[in-house]
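See below for final.txt, which holds compact mmCIF, C-alpha atoms and all ligand atoms.
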# COMPACT_ATOMS: atom_id res chain seq x y z
CA MET A 1 -17.70 -7.48 11.46
CA THR A 2 -20.92 -7.28 9.46
CA SER A 3 -23.78 -7.14 11.93
CA GLY A 4 -25.75 -10.21 12.99
CA ARG A 5 -22.92 -12.70 12.41
CA LEU A 6 -20.89 -14.40 15.09
CA LYS A 7 -17.95 -15.14 12.86
CA PRO A 8 -16.28 -12.82 10.35
CA ARG A 9 -16.83 -13.68 6.70
CA VAL A 10 -13.89 -14.09 4.37
CA LEU A 11 -14.58 -13.99 0.69
CA LEU A 12 -11.87 -16.21 -0.74
CA GLY A 13 -10.97 -15.58 -4.36
CA VAL A 14 -9.29 -18.55 -6.02
CA SER A 15 -7.64 -17.76 -9.33
CA GLY A 16 -5.86 -19.78 -12.03
CA SER A 17 -2.64 -20.74 -10.30
CA VAL A 18 -1.27 -24.23 -10.04
CA ALA A 19 -1.48 -23.70 -6.26
CA ALA A 20 -5.31 -23.43 -6.48
CA TYR A 21 -5.71 -26.89 -4.90
CA LYS A 22 -4.08 -25.53 -1.72
CA ALA A 23 -7.18 -23.36 -1.26
CA VAL A 24 -8.89 -26.50 0.08
CA GLU A 25 -6.48 -26.73 3.04
CA LEU A 26 -6.66 -22.96 3.49
CA ILE A 27 -10.45 -23.08 3.71
CA ARG A 28 -10.24 -25.83 6.34
CA LEU A 29 -7.95 -23.67 8.49
CA LEU A 30 -9.92 -20.46 7.95
CA ARG A 31 -13.20 -22.12 8.91
CA LYS A 32 -11.87 -22.59 12.45
CA PHE A 33 -12.53 -18.90 13.06
CA CYS A 34 -14.51 -17.51 10.12
CA GLU A 35 -17.10 -18.24 7.44
CA VAL A 36 -15.62 -18.74 4.01
CA ARG A 37 -17.41 -18.03 0.70
CA VAL A 38 -15.48 -18.90 -2.41
CA VAL A 39 -15.32 -17.00 -5.70
CA LEU A 40 -13.59 -19.06 -8.37
CA THR A 41 -12.26 -17.66 -11.66
CA ARG A 42 -12.75 -19.56 -14.89
CA ALA A 43 -9.03 -20.49 -15.03
CA GLY A 44 -9.17 -21.43 -11.34
CA SER A 45 -12.00 -23.88 -12.09
CA ARG A 46 -9.68 -25.70 -14.52
CA LEU A 47 -7.16 -26.27 -11.73
CA VAL A 48 -9.32 -27.10 -8.72
CA SER A 49 -12.82 -28.49 -8.77
CA GLU A 50 -15.73 -26.27 -7.83
CA LYS A 51 -17.27 -29.30 -6.14
CA VAL A 52 -14.29 -29.76 -3.81
CA LEU A 53 -14.34 -26.09 -2.85
CA ARG A 54 -18.08 -26.29 -2.19
CA GLU A 55 -17.54 -29.30 0.07
CA ALA A 56 -14.67 -27.58 1.86
CA SER A 57 -16.48 -24.28 2.45
CA GLY A 58 -19.96 -25.70 3.00
CA PHE A 59 -21.46 -23.15 0.58
CA PRO A 60 -22.04 -22.89 -3.15
CA VAL A 61 -19.07 -21.51 -5.05
CA TRP A 62 -19.63 -18.28 -6.98
CA THR A 63 -18.21 -18.34 -10.47
CA SER A 64 -20.12 -16.05 -12.75
CA LEU A 65 -20.77 -12.35 -12.96
CA PHE A 66 -24.15 -12.80 -14.57
CA LYS A 67 -25.44 -16.01 -13.03
CA GLY A 68 -28.09 -15.17 -10.46
CA SER A 69 -28.38 -11.52 -11.42
CA THR A 70 -31.86 -10.16 -11.89
CA PRO A 71 -31.97 -7.26 -14.34
CA ILE A 72 -33.95 -4.21 -13.33
CA PRO A 73 -37.22 -4.33 -15.22
CA PRO A 74 -37.46 -1.56 -17.82
CA GLY A 75 -39.44 1.46 -16.72
CA THR A 76 -38.73 1.00 -13.00
CA PRO A 77 -38.95 4.47 -11.41
CA GLY A 78 -35.58 5.72 -10.17
CA GLY A 79 -33.83 2.71 -11.65
CA SER A 80 -34.17 0.59 -8.51
CA HIS A 81 -36.32 -2.44 -7.95
CA PRO A 82 -36.77 -4.63 -4.88
CA LEU A 83 -36.21 -7.73 -6.98
CA ALA A 84 -33.00 -6.52 -8.61
CA VAL A 85 -30.09 -8.70 -7.48
CA VAL A 86 -26.56 -7.90 -8.57
CA PRO A 87 -24.33 -10.71 -7.27
CA HIS A 88 -20.98 -8.91 -7.18
CA ILE A 89 -22.50 -6.14 -5.08
CA GLU A 90 -24.23 -8.56 -2.72
CA PHE A 91 -21.07 -10.69 -2.30
CA ALA A 92 -18.81 -7.70 -1.74
CA LYS A 93 -21.22 -6.13 0.76
CA SER A 94 -21.37 -9.24 2.88
CA ALA A 95 -17.59 -9.72 3.23
CA ASP A 96 -15.36 -8.66 6.12
CA MET A 97 -12.28 -9.40 4.05
CA VAL A 98 -11.56 -10.31 0.44
CA LEU A 99 -8.61 -12.69 0.41
CA ILE A 100 -7.33 -13.82 -2.97
CA ALA A 101 -5.28 -16.94 -2.48
CA PRO A 102 -3.74 -17.94 -4.75
CA ALA A 103 -3.61 -14.73 -6.79
CA SER A 104 -2.38 -15.23 -10.36
CA ALA A 105 -0.21 -12.77 -12.29
CA ASP A 106 -3.26 -12.08 -14.42
CA LEU A 107 -5.33 -11.16 -11.40
CA LEU A 108 -2.64 -8.83 -10.03
CA ALA A 109 -2.65 -7.04 -13.41
CA LYS A 110 -6.44 -6.71 -13.39
CA LEU A 111 -6.45 -5.34 -9.86
CA ALA A 112 -3.61 -2.90 -10.54
CA LEU A 113 -5.46 -1.57 -13.59
CA GLY A 114 -8.91 -1.66 -12.03
CA LEU A 115 -10.30 -4.01 -14.68
CA ALA A 116 -13.67 -5.57 -14.00
CA ASN A 117 -14.19 -8.31 -16.53
CA ASP A 118 -15.20 -11.22 -14.33
CA LEU A 119 -16.91 -11.74 -10.97
CA LEU A 120 -13.78 -11.64 -8.79
CA SER A 121 -12.20 -8.53 -10.35
CA THR A 122 -15.55 -6.73 -10.41
CA LEU A 123 -16.37 -7.34 -6.77
CA CYS A 124 -12.86 -6.20 -5.79
CA LEU A 125 -13.73 -2.77 -7.18
CA TYR A 126 -16.91 -2.66 -5.16
CA ALA A 127 -15.66 -4.09 -1.85
CA THR A 128 -14.75 -1.61 0.87
CA CYS A 129 -13.44 -4.23 3.31
CA PRO A 130 -9.69 -5.08 3.41
CA LEU A 131 -8.30 -6.83 0.32
CA TRP A 132 -5.37 -9.21 0.91
CA LEU A 133 -3.40 -11.07 -1.72
CA ALA A 134 -1.36 -14.27 -1.60
CA PRO A 135 0.27 -14.56 -5.03
CA ALA A 136 1.67 -17.76 -6.51
CA MET A 137 3.49 -18.10 -9.78
CA ASN A 138 6.69 -19.12 -11.47
CA THR A 139 9.77 -17.05 -10.48
CA LYS A 140 10.19 -15.63 -13.97
CA MET A 141 6.59 -14.42 -13.93
CA TRP A 142 7.01 -12.93 -10.43
CA ASN A 143 10.18 -11.08 -11.52
CA HIS A 144 8.74 -9.85 -14.82
CA PRO A 145 8.85 -6.03 -14.88
CA ALA A 146 5.09 -5.88 -15.57
CA VAL A 147 4.32 -8.01 -12.48
CA VAL A 148 6.85 -6.07 -10.38
CA GLN A 149 5.14 -2.83 -11.43
CA ASN A 150 1.66 -4.19 -10.65
CA VAL A 151 2.76 -5.41 -7.22
CA ARG A 152 4.29 -2.00 -6.50
CA THR A 153 1.06 -0.25 -7.53
CA LEU A 154 -1.03 -2.49 -5.30
CA ARG A 155 1.34 -2.12 -2.35
CA GLN A 156 1.27 1.66 -2.74
CA ARG A 157 -2.50 1.41 -2.55
CA GLY A 158 -2.05 -0.29 0.83
CA VAL A 159 -2.89 -3.86 -0.22
CA PRO A 160 -1.10 -6.39 2.03
CA PHE A 161 0.72 -9.28 0.38
CA LEU A 162 1.18 -12.65 2.06
CA GLY A 163 4.16 -14.24 0.35
CA PRO A 164 5.15 -15.45 -2.11
CA GLU A 165 7.87 -17.58 -0.57
CA ASN A 166 11.15 -18.79 -1.89
CA GLY A 167 11.23 -22.51 -2.52
CA HIS A 168 10.37 -25.43 -4.77
CA LEU A 169 7.81 -24.59 -7.43
CA ALA A 170 5.38 -26.93 -9.15
CA CYS A 171 7.26 -26.48 -12.46
CA GLY A 172 10.36 -28.04 -10.88
CA GLU A 173 12.27 -24.77 -10.51
CA VAL A 174 13.41 -23.30 -7.23
CA GLY A 175 12.89 -19.60 -6.52
CA GLU A 176 10.52 -16.89 -5.37
CA GLY A 177 6.89 -17.35 -6.31
CA ARG A 178 5.81 -20.25 -4.14
CA PHE A 179 2.38 -19.90 -2.52
CA ALA A 180 2.72 -19.01 1.18
CA GLU A 181 1.90 -21.91 3.51
CA PRO A 182 -1.88 -22.05 4.11
CA SER A 183 -1.16 -22.19 7.87
CA GLU A 184 0.78 -18.90 7.63
CA ILE A 185 -2.00 -17.22 5.64
CA ALA A 186 -4.63 -18.44 8.11
CA LEU A 187 -2.52 -17.21 11.04
CA GLN A 188 -2.27 -13.69 9.60
CA VAL A 189 -5.99 -13.55 8.82
CA GLU A 190 -6.90 -14.83 12.28
CA SER A 191 -4.61 -12.23 13.93
CA HIS A 192 -6.23 -9.52 11.86
CA PHE A 193 -9.72 -10.42 13.06
CA ARG A 194 -8.76 -11.26 16.64
CA LEU A 195 -6.33 -8.46 17.34
CA PHE A 196 -6.90 -5.60 14.94
CA GLY A 197 -7.38 -2.38 16.87
CA LYS A 198 -5.77 -3.75 20.02
CA TRP A 199 -2.68 -1.63 19.47
CA LYS A 200 -4.37 1.20 17.62
CA GLY A 201 -2.54 4.46 18.22
CA ARG A 202 0.62 2.70 19.40
CA ARG A 203 3.86 3.53 17.63
CA VAL A 204 6.10 0.53 17.17
CA LEU A 205 9.66 0.67 15.86
CA VAL A 206 11.22 -2.60 14.68
CA THR A 207 14.79 -3.17 13.54
CA ALA A 208 15.55 -6.15 11.31
CA GLY A 209 18.21 -7.84 9.25
CA PRO A 210 22.00 -7.65 9.29
CA THR A 211 24.26 -4.63 8.93
CA GLN A 212 27.10 -4.35 6.44
CA GLU A 213 30.41 -2.73 7.35
CA SER A 214 32.58 -1.77 4.38
CA ILE A 215 36.12 -3.09 4.11
CA ASP A 216 36.66 -1.40 0.76
CA PRO A 217 34.29 -0.37 -2.08
CA VAL A 218 33.56 -4.03 -2.96
CA ARG A 219 33.83 -6.02 0.29
CA VAL A 220 31.80 -5.97 3.49
CA LEU A 221 31.70 -7.53 6.96
CA THR A 222 28.22 -8.83 7.62
CA ASN A 223 26.31 -11.78 9.15
CA HIS A 224 23.71 -14.36 8.12
CA SER A 225 20.61 -12.58 9.46
CA SER A 226 17.78 -12.72 6.88
CA GLY A 227 15.46 -10.19 8.54
CA LYS A 228 12.66 -12.79 8.75
CA MET A 229 12.16 -12.50 12.52
CA GLY A 230 12.08 -8.68 12.46
CA PHE A 231 9.72 -8.65 9.47
CA ALA A 232 7.42 -11.16 11.20
CA LEU A 233 7.37 -8.93 14.31
CA ALA A 234 6.56 -5.86 12.19
CA GLN A 235 3.72 -7.80 10.55
CA ALA A 236 2.40 -8.96 13.92
CA ALA A 237 2.38 -5.35 15.22
CA LEU A 238 0.61 -4.30 12.02
CA ASN A 239 -1.99 -7.01 12.59
CA ARG A 240 -2.73 -5.36 15.94
CA GLY A 241 -3.32 -2.02 14.24
CA ALA A 242 -0.10 -0.33 15.42
CA GLU A 243 1.68 2.35 13.41
CA VAL A 244 4.87 0.52 12.51
CA THR A 245 8.25 1.83 11.39
CA LEU A 246 10.73 -0.75 10.16
CA VAL A 247 14.45 0.03 10.10
CA THR A 248 16.08 -2.71 8.11
CA GLY A 249 19.54 -3.70 7.01
CA PRO A 250 20.06 -5.18 3.53
CA VAL A 251 17.67 -8.15 3.12
CA LYS A 252 16.03 -9.95 0.21
CA LEU A 253 12.49 -9.86 1.66
CA ALA A 254 9.59 -7.67 0.61
CA PRO A 255 8.62 -5.62 3.67
CA PRO A 256 5.13 -5.82 5.18
CA ASN A 257 2.82 -2.91 4.53
CA VAL A 258 4.07 -0.79 7.43
CA ALA A 259 3.82 3.00 7.64
CA ARG A 260 7.56 3.55 7.03
CA VAL A 261 10.43 1.38 5.87
CA ILE A 262 13.89 2.86 6.39
CA GLY A 263 16.73 0.98 4.70
CA VAL A 264 20.20 1.21 6.27
CA LYS A 265 23.52 -0.50 5.68
CA THR A 266 25.88 0.10 8.57
CA ALA A 267 25.51 -0.07 12.35
CA LEU A 268 26.12 3.69 12.52
CA GLU A 269 23.26 4.32 10.09
CA MET A 270 21.04 1.96 12.08
CA ARG A 271 21.94 3.85 15.27
CA ARG A 272 21.16 7.23 13.68
CA GLU A 273 17.71 6.10 12.45
CA VAL A 274 16.77 4.33 15.69
CA LEU A 275 17.76 7.26 17.89
CA LYS A 276 15.91 9.67 15.59
CA ALA A 277 12.66 7.64 15.72
CA PHE A 278 12.89 6.46 19.33
CA PRO A 279 11.48 9.58 21.11
CA LYS A 280 8.19 9.07 19.19
CA THR A 281 8.09 5.32 19.83
CA ASP A 282 5.99 3.43 22.38
CA LEU A 283 7.59 0.06 21.74
CA LEU A 284 10.99 -0.62 20.22
CA ILE A 285 11.85 -4.16 19.12
CA MET A 286 15.53 -4.56 18.27
CA ALA A 287 15.59 -7.75 16.23
CA ALA A 288 18.40 -6.63 13.89
CA ALA A 289 21.76 -8.39 14.06
CA VAL A 290 23.91 -5.30 14.34
CA ALA A 291 27.66 -5.71 13.80
CA ASP A 292 29.63 -5.24 17.02
CA TYR A 293 32.70 -4.15 15.05
CA ARG A 294 33.48 -2.13 11.94
CA VAL A 295 36.70 -1.66 10.02
CA ARG A 296 38.52 1.32 11.54
CA ARG A 297 39.24 2.93 8.20
CA ALA A 298 37.62 1.38 5.14
CA SER A 299 39.83 1.63 2.06
CA ARG A 300 38.60 4.05 -0.63
CA THR A 301 39.95 1.79 -3.34
CA LYS A 302 39.74 -1.97 -3.75
CA ILE A 303 42.41 -3.66 -1.64
CA LYS A 304 44.68 -5.55 -4.02
CA LYS A 305 45.53 -9.18 -3.54
CA ALA A 306 49.09 -9.46 -2.20
CA ARG A 307 51.35 -12.17 -0.91
CA GLY A 308 50.65 -13.24 2.65
CA GLY A 309 47.57 -12.41 4.70
CA LEU A 310 45.67 -9.24 5.31
CA SER A 311 45.02 -7.72 8.73
CA LEU A 312 42.05 -5.50 9.33
CA ARG A 313 41.90 -3.17 12.27
CA LEU A 314 38.41 -3.32 13.78
CA VAL A 315 36.83 -0.87 16.20
CA ARG A 316 33.73 -1.30 18.38
CA ASN A 317 30.42 -0.07 17.03
CA PRO A 318 28.18 1.82 19.45
CA ASP A 319 25.81 -0.38 21.49
CA ILE A 320 22.43 0.85 20.25
CA LEU A 321 20.37 -1.16 22.76
CA ALA A 322 22.38 0.19 25.72
CA GLU A 323 22.04 3.74 24.40
CA VAL A 324 18.30 3.42 23.90
CA LEU A 325 17.84 2.04 27.40
CA ARG A 326 19.65 5.07 28.82
CA ARG A 327 17.22 7.39 26.98
CA LYS A 328 14.07 5.36 27.66
CA LYS A 329 11.09 7.23 29.15
CA PRO A 330 8.76 5.45 31.58
CA PHE A 331 6.00 5.06 28.94
CA GLN A 332 8.36 3.32 26.51
CA ARG A 333 8.96 -0.42 26.20
CA VAL A 334 12.07 -1.99 24.71
CA VAL A 335 12.58 -5.55 23.51
CA GLY A 336 16.15 -6.72 22.95
CA PHE A 337 17.47 -9.82 21.21
CA ALA A 338 20.49 -11.93 22.10
CA ALA A 339 22.03 -14.33 19.58
CA GLU A 340 24.30 -16.93 21.18
CA THR A 341 26.04 -20.02 19.87
CA ASP A 342 26.58 -21.53 23.34
CA HIS A 343 25.57 -21.20 27.01
CA LEU A 344 22.39 -19.56 25.74
CA GLU A 345 20.63 -19.09 29.07
CA LYS A 346 23.73 -17.98 31.01
CA ASN A 347 24.96 -15.54 28.37
CA ALA A 348 21.51 -14.12 27.73
CA ARG A 349 20.86 -13.67 31.47
CA GLU A 350 24.14 -11.76 31.77
CA LYS A 351 23.16 -9.55 28.83
CA TRP A 352 19.78 -8.91 30.44
CA GLY A 353 21.55 -7.93 33.66
CA ARG A 354 23.61 -5.36 31.77
CA LYS A 355 20.71 -4.22 29.55
CA PRO A 356 17.45 -4.58 31.47
CA CYS A 357 14.92 -4.41 28.65
CA ASP A 358 11.24 -5.25 29.09
CA LEU A 359 11.76 -8.51 27.25
CA LEU A 360 15.08 -10.04 26.30
CA VAL A 361 14.64 -12.64 23.59
CA ALA A 362 17.47 -15.14 23.33
CA ASN A 363 17.99 -17.44 20.37
CA ARG A 364 20.64 -19.95 19.54
CA VAL A 365 22.45 -19.27 16.27
CA GLY A 366 24.99 -21.16 14.19
CA GLY A 367 24.72 -24.52 12.48
CA GLY A 368 21.78 -23.35 10.35
CA ARG A 369 19.70 -22.34 13.38
CA ALA A 370 17.69 -19.10 13.61
CA PHE A 371 19.49 -17.09 10.91
CA ASP A 372 17.90 -17.41 7.48
CA ASN A 373 15.58 -20.10 8.77
CA ASP A 374 11.77 -19.93 8.68
CA GLN A 375 11.62 -21.46 12.14
CA ASN A 376 13.19 -20.61 15.43
CA GLU A 377 12.92 -21.36 19.14
CA LEU A 378 13.26 -18.70 21.79
CA LEU A 379 14.03 -18.16 25.43
CA VAL A 380 12.33 -15.03 26.73
CA PHE A 381 13.43 -13.16 29.85
CA SER A 382 10.72 -11.02 31.37
CA PRO A 383 10.39 -9.26 34.74
CA ASN A 384 6.99 -10.99 35.13
CA SER A 385 8.49 -14.43 35.28
CA PRO A 386 11.24 -15.73 37.60
CA ARG A 387 12.40 -18.19 34.95
CA PRO A 388 12.82 -17.51 31.25
CA VAL A 389 9.83 -18.58 29.17
CA ARG A 390 10.69 -21.17 26.53
CA LEU A 391 8.89 -20.74 23.20
CA ALA A 392 9.21 -24.08 21.43
CA LYS A 393 10.25 -24.45 17.79
CA ASP A 394 7.71 -22.80 15.52
CA SER A 395 7.40 -20.56 12.49
CA LYS A 396 8.76 -17.05 12.97
CA SER A 397 5.28 -15.55 12.36
CA ARG A 398 3.79 -17.69 15.11
CA LEU A 399 6.65 -16.83 17.47
CA ALA A 400 6.17 -13.14 16.65
CA GLU A 401 2.49 -13.43 17.62
CA LYS A 402 3.44 -15.13 20.88
CA LEU A 403 6.06 -12.49 21.72
CA LEU A 404 3.69 -9.62 21.08
CA GLY A 405 1.08 -11.49 23.13
CA MET A 406 3.50 -11.19 26.07
CA LEU A 407 3.45 -7.41 25.54
CA ASP A 408 -0.27 -7.00 24.95
CA GLU A 409 -0.86 -5.16 28.19
CA PHE A 410 2.05 -2.72 27.88
C1 LIG A 501 -1.50 -25.78 -15.37
C2 LIG A 501 -1.43 -24.27 -15.26
C3 LIG A 501 -0.87 -23.71 -14.14
C4 LIG A 501 -0.80 -22.31 -14.00
N1 LIG A 501 -0.25 -21.78 -12.88
C5 LIG A 501 -0.17 -20.44 -12.74
C6 LIG A 501 0.38 -19.89 -11.55
O1 LIG A 501 0.81 -20.60 -10.64
N2 LIG A 501 0.40 -18.54 -11.44
C7 LIG A 501 -0.10 -17.72 -12.42
O2 LIG A 501 -0.05 -16.51 -12.25
N3 LIG A 501 -0.62 -18.21 -13.56
C8 LIG A 501 -0.67 -19.56 -13.74
N4 LIG A 501 -1.23 -20.09 -14.88
C9 LIG A 501 -1.74 -19.17 -15.90
C10 LIG A 501 -3.12 -18.64 -15.54
O3 LIG A 501 -4.02 -19.71 -15.29
C11 LIG A 501 -3.66 -17.74 -16.64
O4 LIG A 501 -2.85 -16.57 -16.70
C12 LIG A 501 -5.11 -17.36 -16.45
O5 LIG A 501 -5.48 -16.47 -17.47
C13 LIG A 501 -5.37 -16.73 -15.10
O6 LIG A 501 -6.73 -16.35 -15.02
P1 LIG A 501 -7.39 -15.79 -13.67
O7 LIG A 501 -6.48 -14.73 -13.15
O8 LIG A 501 -8.69 -15.22 -14.13
O9 LIG A 501 -7.58 -16.91 -12.76
C14 LIG A 501 -1.31 -21.48 -15.03
C15 LIG A 501 -1.89 -22.06 -16.15
C16 LIG A 501 -1.95 -23.43 -16.27
C17 LIG A 501 -2.57 -24.03 -17.51
Could I get this structure in the form of structure tokens?
Amino acid sequence: MTSGRLKPRVLLGVSGSVAAYKAVELIRLLRKFCEVRVVLTRAGSRLVSEKVLREASGFPVWTSLFKGSTPIPPGTPGGSHPLAVVPHIEFAKSADMVLIAPASADLLAKLALGLANDLLSTLCLYATCPLWLAPAMNTKMWNHPAVVQNVRTLRQRGVPFLGPENGHLACGEVGEGRFAEPSEIALQVESHFRLFGKWKGRRVLVTAGPTQESIDPVRVLTNHSSGKMGFALAQAALNRGAEVTLVTGPVKLAPPNVARVIGVKTALEMRREVLKAFPKTDLLIMAAAVADYRVRRASRTKIKKARGGLSLRLVRNPDILAEVLRRKKPFQRVVGFAAETDHLEKNAREKWGRKPCDLLVANRVGGGRAFDNDQNELLVFSPNSPRPVRLAKDSKSRLAEKLLGMLDEF
């Protein structure tokens, strides 16, 4: 944090997205733990009033590259002058984070190219603090090859993205591009300031998503896991400064900015990657929904439709969690997940008896619960507590924070 201040300072860039009005709620949430100074683009000012943002943040809103700048008087020796004020430099210097929320497609393009043609884009080139982006736009814009390329460039540069989400858009369409919930953005920013560095040097391996077991070249056996819980856990470990590796089955989500993302399809591939990475792991979180069975011999050609039914011979997949627990060294911690449709506590307790991990996280699935849902509720078995700890219904990011909080001292 910049010296002399009790609270971190977030420089919030608001650009010309229809979601710009949501910056007001975001500022309210951010101000609970940080100072917020707003930089508003010209297009942004057409979509949310500067006055409202000033009221919300409690400070004047910065809008112009030239307003307030004092040119260096000609003939000044060495080109410097005590009265010279260059706003974008002053603003960028004073920030502990630049958060652009919402970030328009235009802004992503400017940042990817390194353009500096207004106050916000110029100060982004100068700022050395973390830059985070929460984009919001129509699905067609988000999926446009130019935007996809710009997002890839920025990700490769290590810029974290918060959202966008899938859902209802202001234009009436439904799809990816929706501004992440202000409460989710505020949670991630708060975790960054509160926890960053806490897990520095720790190596965390997270598995996420479903697996797919081939029946033939076109059909698979899989499950409804979306990967959201695993991705939220990877993000929460990242927020603590850990070095995170994510082994993920096929999902539709963009991964957080972790050190390594390893994509797998089958349970056997998941096993191979987990066992390879495990010896260099301090904490393994097995949130993936790994198939218990695979087809004994997948057909090389598409199975033709025939009269009558079709029987598939299934064989057991290896139990990765059990295998990992057998190889676990004393310094390592392992978190397992149990997905149950019924008798949650009883079944999960039995699983924990057979596989004594450091935390066993049980969740009820089926009927639209847990899988592919942004919310979940958990029952956590831990050796530190005689009874399982109930984590009430909440967003998966918040639950991920709570779970990692239970491991903070590991
Ligand atoms: C009503 C309205 C809503 C808009 N919403 C979005 C949006 O959600 N996302 C986006 O990328 N652009 C949106 N645009 C287009 C941008 O405002 C436009 O590309 C602008 O040049 C962005 O400038 P800025 O990046 O400097 O803020 C919208 C435009 C209008 C008129």
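One finds atom CA of A:Tyr21 at 11.2 Å from atom CA of A:Ala56.
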Set the cut-off to 8 Å, count all atoms listed in the file, and list whatever residues fall near ligand LIG 501 (chain A) as a VMD selection string. chain A and resid 14 to 20 40 to 44 46 to 47 102 to 108 118 135 to 138 141 170
For a cut-off of 10 Å around (37.1, -3.6, 6.3), file coordinates, pick out all residues using only C-alpha atoms and list them as a ChimeraX atom specification. /A:213-221,293-299,303,311-314
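Between A:Gly172 and the candidates A:Thr139, A:Pro255, A:Val274, A:His144, the tightest atom-to-atom separation, counting all atoms listed in the file, involves A:Thr139.
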Report, in Å with one decimal, the straight-line distance from atom CA of A:Leu6 to atom CA of A:Trp132. 21.7 Å
What's around A:Leu133 at 8 Å? Count only C-alpha atoms, leave out sequence neighbours fewer than 3 positions away in its own chain, and write the answer as a ChimeraX atom specification. /A:99-103,159-162
When you count only C-alpha atoms, which of these residues is closest to A:Ser57: A:Val10, A:Val206, A:Ser45, A:His88? A:Val10
Between A:Leu284, A:Val264, A:Ala322, A:Ala232, which is the closest to A:Arg398 once you count only C-alpha atoms? A:Ala232
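For the pair atom CA of A:Ile185 and atom CA of A:Leu30, the interatomic distance is 8.9 Å.
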Give me the residues within 9 Å of A:Asp358 as JSON, numbers by chain, counting all atoms listed in the file and dropping any in the same chain fewer than 5 places off. {"A": [333, 334, 335, 336, 381, 382, 383, 407]}
Identify which of the residues A:Arg28, A:Arg194, A:Arg155, A:Lys67 lies closest to A:Asn239, counting only C-alpha atoms when measuring atom-to-atom distances. A:Arg194
